[in-house]
$ cat start_4.cif   # mmCIF, C-alpha atoms
data_structure
#
loop_
_atom_site.label_atom_id
_atom_site.label_comp_id
_atom_site.auth_asym_id
_atom_site.auth_seq_id
_atom_site.Cartn_x
_atom_site.Cartn_y
_atom_site.Cartn_z
CA MET A 120 0.00 0.00 0.00
CA LEU A 121 1.11 3.56 -0.60
CA SER A 122 1.96 5.48 2.52
CA VAL A 123 0.54 8.96 3.09
CA SER A 124 3.93 10.55 2.35
CA CYS A 125 4.17 8.68 -0.96
CA VAL A 126 0.70 9.82 -1.94
CA LEU A 127 1.51 13.43 -1.03
CA PHE A 128 4.76 13.26 -3.02
CA LEU A 129 2.91 11.86 -6.02
CA GLN A 130 0.23 14.54 -5.66
CA ALA A 131 2.90 17.27 -5.49
CA GLU A 132 4.59 15.96 -8.64
CA LEU A 133 1.28 15.77 -10.46
CA CYS A 134 0.27 19.26 -9.32
CA ALA A 135 3.58 20.63 -10.63
CA PHE A 136 2.79 18.99 -13.97
CA CYS A 137 -0.75 20.36 -13.90
CA TRP A 138 0.48 23.91 -13.23
CA ALA A 139 2.72 23.57 -16.29
CA SER A 140 -0.44 22.69 -18.25
CA VAL A 141 -2.52 25.57 -16.92
CA HIS A 142 -5.22 25.51 -19.58
CA LEU A 143 -5.71 21.76 -19.63
CA ILE A 144 -7.95 19.63 -17.49
CA LEU A 145 -6.12 16.33 -17.37
CA THR A 146 -8.01 13.15 -16.66
CA LEU A 147 -6.63 10.05 -15.01
CA HIS A 148 -8.66 6.84 -14.85
CA LEU A 149 -7.62 4.27 -12.25
CA ASN A 150 -8.34 0.59 -12.73
CA GLN A 151 -9.19 -2.52 -10.81
CA VAL A 152 -7.65 -2.93 -7.37
CA VAL A 153 -7.26 0.84 -6.92
CA LEU A 154 -11.06 1.11 -6.98
CA LEU A 155 -11.35 -1.68 -4.45
CA ALA A 156 -8.73 -0.13 -2.17
CA LEU A 157 -10.52 3.22 -2.29
CA LEU A 158 -13.71 1.45 -1.25
CA GLY A 159 -12.09 -0.38 1.65
CA SER A 160 -11.16 -3.77 0.23
CA PRO A 161 -8.83 -5.62 2.60
CA ARG A 162 -6.91 -7.14 -0.34
CA LEU A 163 -3.52 -5.50 -0.68
CA THR A 164 -2.04 -4.69 -4.06
CA ILE A 165 1.49 -4.03 -5.15
CA ASP A 166 0.64 -2.14 -8.31
CA ILE A 167 -1.40 0.73 -9.65
CA ASP A 168 -3.08 0.28 -13.01
CA PHE A 169 -4.43 3.26 -14.89
CA VAL A 170 -6.11 3.63 -18.26
CA GLY A 171 -3.49 4.57 -20.80
CA ASP A 172 -1.50 3.52 -23.80
CA ASP A 173 1.37 1.28 -22.75
CA ILE A 174 3.04 1.67 -26.17
CA HIS A 175 2.74 5.47 -26.55
CA PRO A 176 2.14 6.90 -23.04
CA SER A 177 1.09 10.52 -22.64
CA ARG A 178 3.31 13.06 -20.82
CA LEU A 179 1.12 12.70 -17.74
CA HIS A 180 1.45 8.92 -17.77
CA VAL A 181 5.24 9.14 -18.20
CA ILE A 182 5.39 11.37 -15.10
CA ILE A 183 3.18 8.98 -13.13
CA MET A 184 5.41 6.05 -14.04
CA ARG A 185 8.60 8.00 -13.22
CA VAL A 186 7.32 9.11 -9.82
CA ALA A 187 6.01 5.62 -9.06
CA LYS A 188 9.41 4.15 -9.92
CA GLU A 189 11.08 6.64 -7.56
CA LEU A 190 8.63 5.56 -4.86
CA GLN A 191 9.26 1.89 -5.69
CA VAL A 192 5.61 1.42 -6.62
CA TYR A 193 4.71 -0.44 -9.78
CA ALA A 194 2.42 1.70 -11.95
CA GLU A 195 1.30 0.57 -15.36
CA PRO A 196 -0.83 2.06 -18.11
CA VAL A 197 -3.44 -0.43 -19.29
CA ALA A 198 -5.27 -0.01 -22.57
CA ILE A 199 -8.38 -1.78 -21.27
CA GLU A 200 -10.21 -1.21 -24.56
CA ARG A 201 -7.68 -3.58 -26.20
CA PHE A 202 -8.44 -6.39 -23.71
CA ILE A 203 -12.22 -6.32 -23.46
CA PRO A 204 -15.09 -4.82 -25.42
CA LEU A 205 -16.05 -1.84 -23.30
CA PRO A 206 -19.68 -2.22 -22.19
CA GLU A 207 -22.21 0.28 -23.49
CA GLY A 208 -22.40 3.24 -21.14
CA SER A 209 -19.03 2.50 -19.54
CA HIS A 210 -17.91 6.12 -19.76
CA ASP A 211 -21.03 7.22 -17.85
CA ARG A 212 -20.30 4.74 -15.04
CA ASN A 213 -16.78 5.98 -14.32
CA ILE A 214 -16.59 7.02 -10.67
CA ARG A 215 -15.22 10.49 -10.02
CA ILE A 216 -12.76 10.60 -7.14
CA GLY A 217 -12.00 14.31 -7.26
CA GLN A 218 -10.14 17.14 -8.88
CA PHE A 219 -6.65 18.11 -7.75
CA GLY A 220 -5.68 21.33 -9.46
CA ASN A 221 -6.03 20.61 -13.17
CA LEU A 222 -5.99 16.85 -12.62
CA GLU A 223 -9.38 15.14 -12.50
CA VAL A 224 -9.26 11.55 -11.19
CA PHE A 225 -11.79 8.81 -11.98
CA VAL A 226 -12.03 5.11 -11.31
CA THR A 227 -12.90 3.11 -14.40
CA ASP A 228 -16.42 1.75 -14.85
CA PRO A 229 -16.93 -1.11 -12.36
CA TYR A 230 -18.60 -3.26 -15.06
CA SER A 231 -15.57 -2.91 -17.33
CA ILE A 232 -13.36 -3.91 -14.41
CA ALA A 233 -15.68 -6.82 -13.58
CA LEU A 234 -15.72 -8.04 -17.19
CA SER A 235 -11.91 -8.02 -17.31
CA LYS A 236 -11.79 -9.97 -14.05
CA LEU A 237 -14.36 -12.48 -15.29
CA GLU A 238 -12.27 -12.96 -18.40
CA ARG A 239 -9.07 -13.65 -16.43
CA GLY A 240 -10.69 -15.67 -13.65
CA PHE A 241 -7.91 -15.84 -11.04
CA ASP A 242 -8.87 -16.53 -7.40
CA THR A 243 -8.07 -12.90 -6.52
CA ASP A 244 -10.33 -11.81 -9.39
CA PHE A 245 -13.23 -13.70 -7.83
CA ASP A 246 -12.47 -12.06 -4.46
CA ASP A 247 -12.60 -8.66 -6.19
CA LEU A 248 -15.81 -9.54 -8.03
CA VAL A 249 -17.51 -10.59 -4.79
CA PHE A 250 -16.34 -7.32 -3.22
CA LEU A 251 -17.84 -5.32 -6.12
CA VAL A 252 -21.17 -7.15 -5.73
CA GLN A 253 -21.19 -6.86 -1.92
CA HIS A 254 -20.65 -3.11 -2.10
CA GLY A 255 -23.36 -2.55 -4.69
CA LEU A 256 -21.01 -1.39 -7.44
CA VAL A 257 -21.97 -4.32 -9.66
CA SER A 258 -25.17 -6.34 -9.75
CA LEU A 259 -24.96 -9.93 -10.92
CA GLU A 260 -27.93 -9.43 -13.25
CA GLU A 261 -26.36 -6.43 -15.00
CA LEU A 262 -22.95 -8.11 -15.10
CA GLU A 263 -24.52 -11.12 -16.79
CA ARG A 264 -26.18 -8.82 -19.35
CA VAL A 265 -22.91 -6.96 -19.99
CA THR A 266 -21.06 -10.26 -20.30
CA ARG A 267 -23.55 -11.72 -22.78
CA GLU A 268 -23.35 -8.55 -24.89
CA ALA A 269 -19.56 -8.89 -24.98
CA LEU A 270 -19.51 -12.55 -26.05
CA PRO A 271 -20.06 -11.95 -29.80
CA LEU A 272 -16.86 -9.87 -29.76
CA ALA A 273 -14.84 -12.38 -27.74
CA ARG A 274 -12.63 -13.59 -30.58
CA LYS A 275 -11.68 -10.03 -31.54
CA PHE A 276 -10.33 -9.58 -28.00
CA ASP A 277 -8.78 -13.04 -27.70
CA MET A 278 -11.35 -13.96 -25.03
CA ASN A 279 -12.68 -17.47 -24.49
CA SER A 280 -16.49 -17.29 -24.36
CA THR A 281 -16.87 -20.67 -22.67
CA GLU A 282 -14.41 -19.77 -19.91
CA ILE A 283 -16.07 -16.41 -19.31
CA LEU A 284 -19.48 -18.05 -18.92
CA ASP A 285 -17.93 -20.67 -16.62
CA HIS A 286 -16.40 -17.88 -14.53
CA LEU A 287 -19.77 -16.11 -14.38
CA GLN A 288 -21.41 -19.31 -13.12
CA GLU A 289 -18.61 -19.73 -10.58
CA LEU A 290 -19.19 -16.17 -9.35
CA LYS A 291 -22.88 -16.92 -8.84
CA THR A 292 -21.96 -19.74 -6.45
CA ARG A 293 -19.74 -17.55 -4.29
CA PRO A 294 -21.17 -16.20 -1.03
CA LYS A 295 -22.33 -12.61 -1.35
#
$ encode --input "start_4.cif" --output "structure tokens"
Amino acid sequence: MLSVSCVLFLQAELCAFCWASVHLILTLHLNQVVLLALLGSPRLTIDIDFVGDDIHPSRLHVIIMRVAKELQVYAEPVAIERFIPLPEGSHDRNIRIGQFGNLEVFVTDPYSIALSKLERGFDTDFDDLVFLVQHGLVSLEELERVTREALPLARKFDMNSTEILDHLQELKTRPK
């Protein structure tokens, strides 16, 4: 977990960048376990994923990765739209954390996160999925609908439809 001093250092670095970009409102979308940590999940993480291009990162994302490296925190841009078909309305379901100077911070749509976790299907992914359901960020009914809408595009995203449906059934058996 990031300590308070690390977070303040990161915030100071980002604010310095934001002041240099006075007329821009920069947006940062955080993924997966960051959302869960912000909501009180007891599961610890050793990395910070954020929505971005891992091949051609923006100036902001380069700064985030540099500062994270200095803090010995693993931060990685994830182009989530290359891994899963983003569910309809995903942009509208992003959760706003706040604005810090010119930097506006959001957590990525919980259904997009849930779909990516269903696709991967690790034990920790199921723990995270149960957490999302328990805290009312994802309903099983809506997740099933989102999942079924994504299945026709599975091959395009190198997803296995059968495994995703198996993972969805497994999630339904987990205690909520």
$ closest_residue --input "start_4.cif" --among "A:Gly255, A:Pro271, A:Gly240, A:Pro161" --to "Gln288 (chain A)" --atoms "all atoms listed in the file"
A:Gly240
$ atom_distance --input "start_4.cif" --atom1 "CA of Met278 (chain A)" --atom2 "CA of Ser177 (chain A)"
27.6 Å
$ residues_near_point --input "start_4.cif" --point "(1.1, 1.4, -14.6)" --cutoff "6 Å" --atoms "only C-alpha atoms" --output "JSON, numbers by chain"
{"A": [167, 168, 169, 194, 195, 196]}
$ atom_distance --input "start_4.cif" --atom1 "CA of Gly171 (chain A)" --atom2 "CA of Val226 (chain A)"
12.8 Å
$ closest_residue --input "start_4.cif" --among "A:Ser160, A:Ser209, A:Asn221, A:Asn279" --to "Leu248 (chain A)" --atoms "all atoms listed in the file"
A:Ser160
$ closest_residue --input "start_4.cif" --among "A:Ile203, A:Leu251, A:Ile216, A:Leu256" --to "Ser280 (chain A)" --atoms "all atoms listed in the file"
A:Ile203
$ closest_residue --input "start_4.cif" --among "A:Ser235, A:Gln191, A:Thr266, A:Gln253" --to "Glu207 (chain A)" --atoms "all atoms listed in the file"
A:Thr266
$ atom_distance --input "start_4.cif" --atom1 "CA of Asp166 (chain A)" --atom2 "CA of Met184 (chain A)"
11.1 Å
$ residues_near_point --input "start_4.cif" --point "(-13.7, 7.5, -8.9)" --cutoff "7 Å" --atoms "all atoms listed in the file" --output "list in words"
Asn213, Ile214, Arg215, Ile216, Val224, Phe225 and Val226 of chain A
$ residues_around --input "start_4.cif" --residues "Glu263 (chain A)" --least-positions-apart "2" --cutoff "12 Å" --atoms "only C-alpha atoms" --output "list of chain:residue names"
A:Pro206, A:Tyr230, A:Ala233, A:Leu234, A:Leu237, A:Val257, A:Ser258, A:Leu259, A:Glu260, A:Glu261, A:Val265, A:Thr266, A:Arg267, A:Glu268, A:Ala269, A:Leu270, A:Ile283, A:Leu284, A:Asp285, A:His286, A:Leu287, A:Gln288, A:Leu290, A:Lys291
$ residues_around --input "start_4.cif" --residues "Pro294 (chain A)" --least-positions-apart "5" --cutoff "12 Å" --atoms "all atoms listed in the file" --output "VMD selection string"
chain A and resid 245 to 246 248 to 250 252 to 253 289
$ axis_aligned_box --input "start_4.cif" --around "region 203-216 of chain A" --padding-each-side "4 Å" --output "JSON"
{"center_x": -17.3, "center_y": 2.1, "center_z": -16.3, "size_x": 18.2, "size_y": 24.9, "size_z": 26.3}
$ resolve_selection --input "start_4.cif" --expression "the PyMOL selection byres ((chain A and resi 199) around 10)" --output "VMD selection string"
chain A and resid 150 169 to 172 196 to 198 200 to 205 227 231 to 232 235
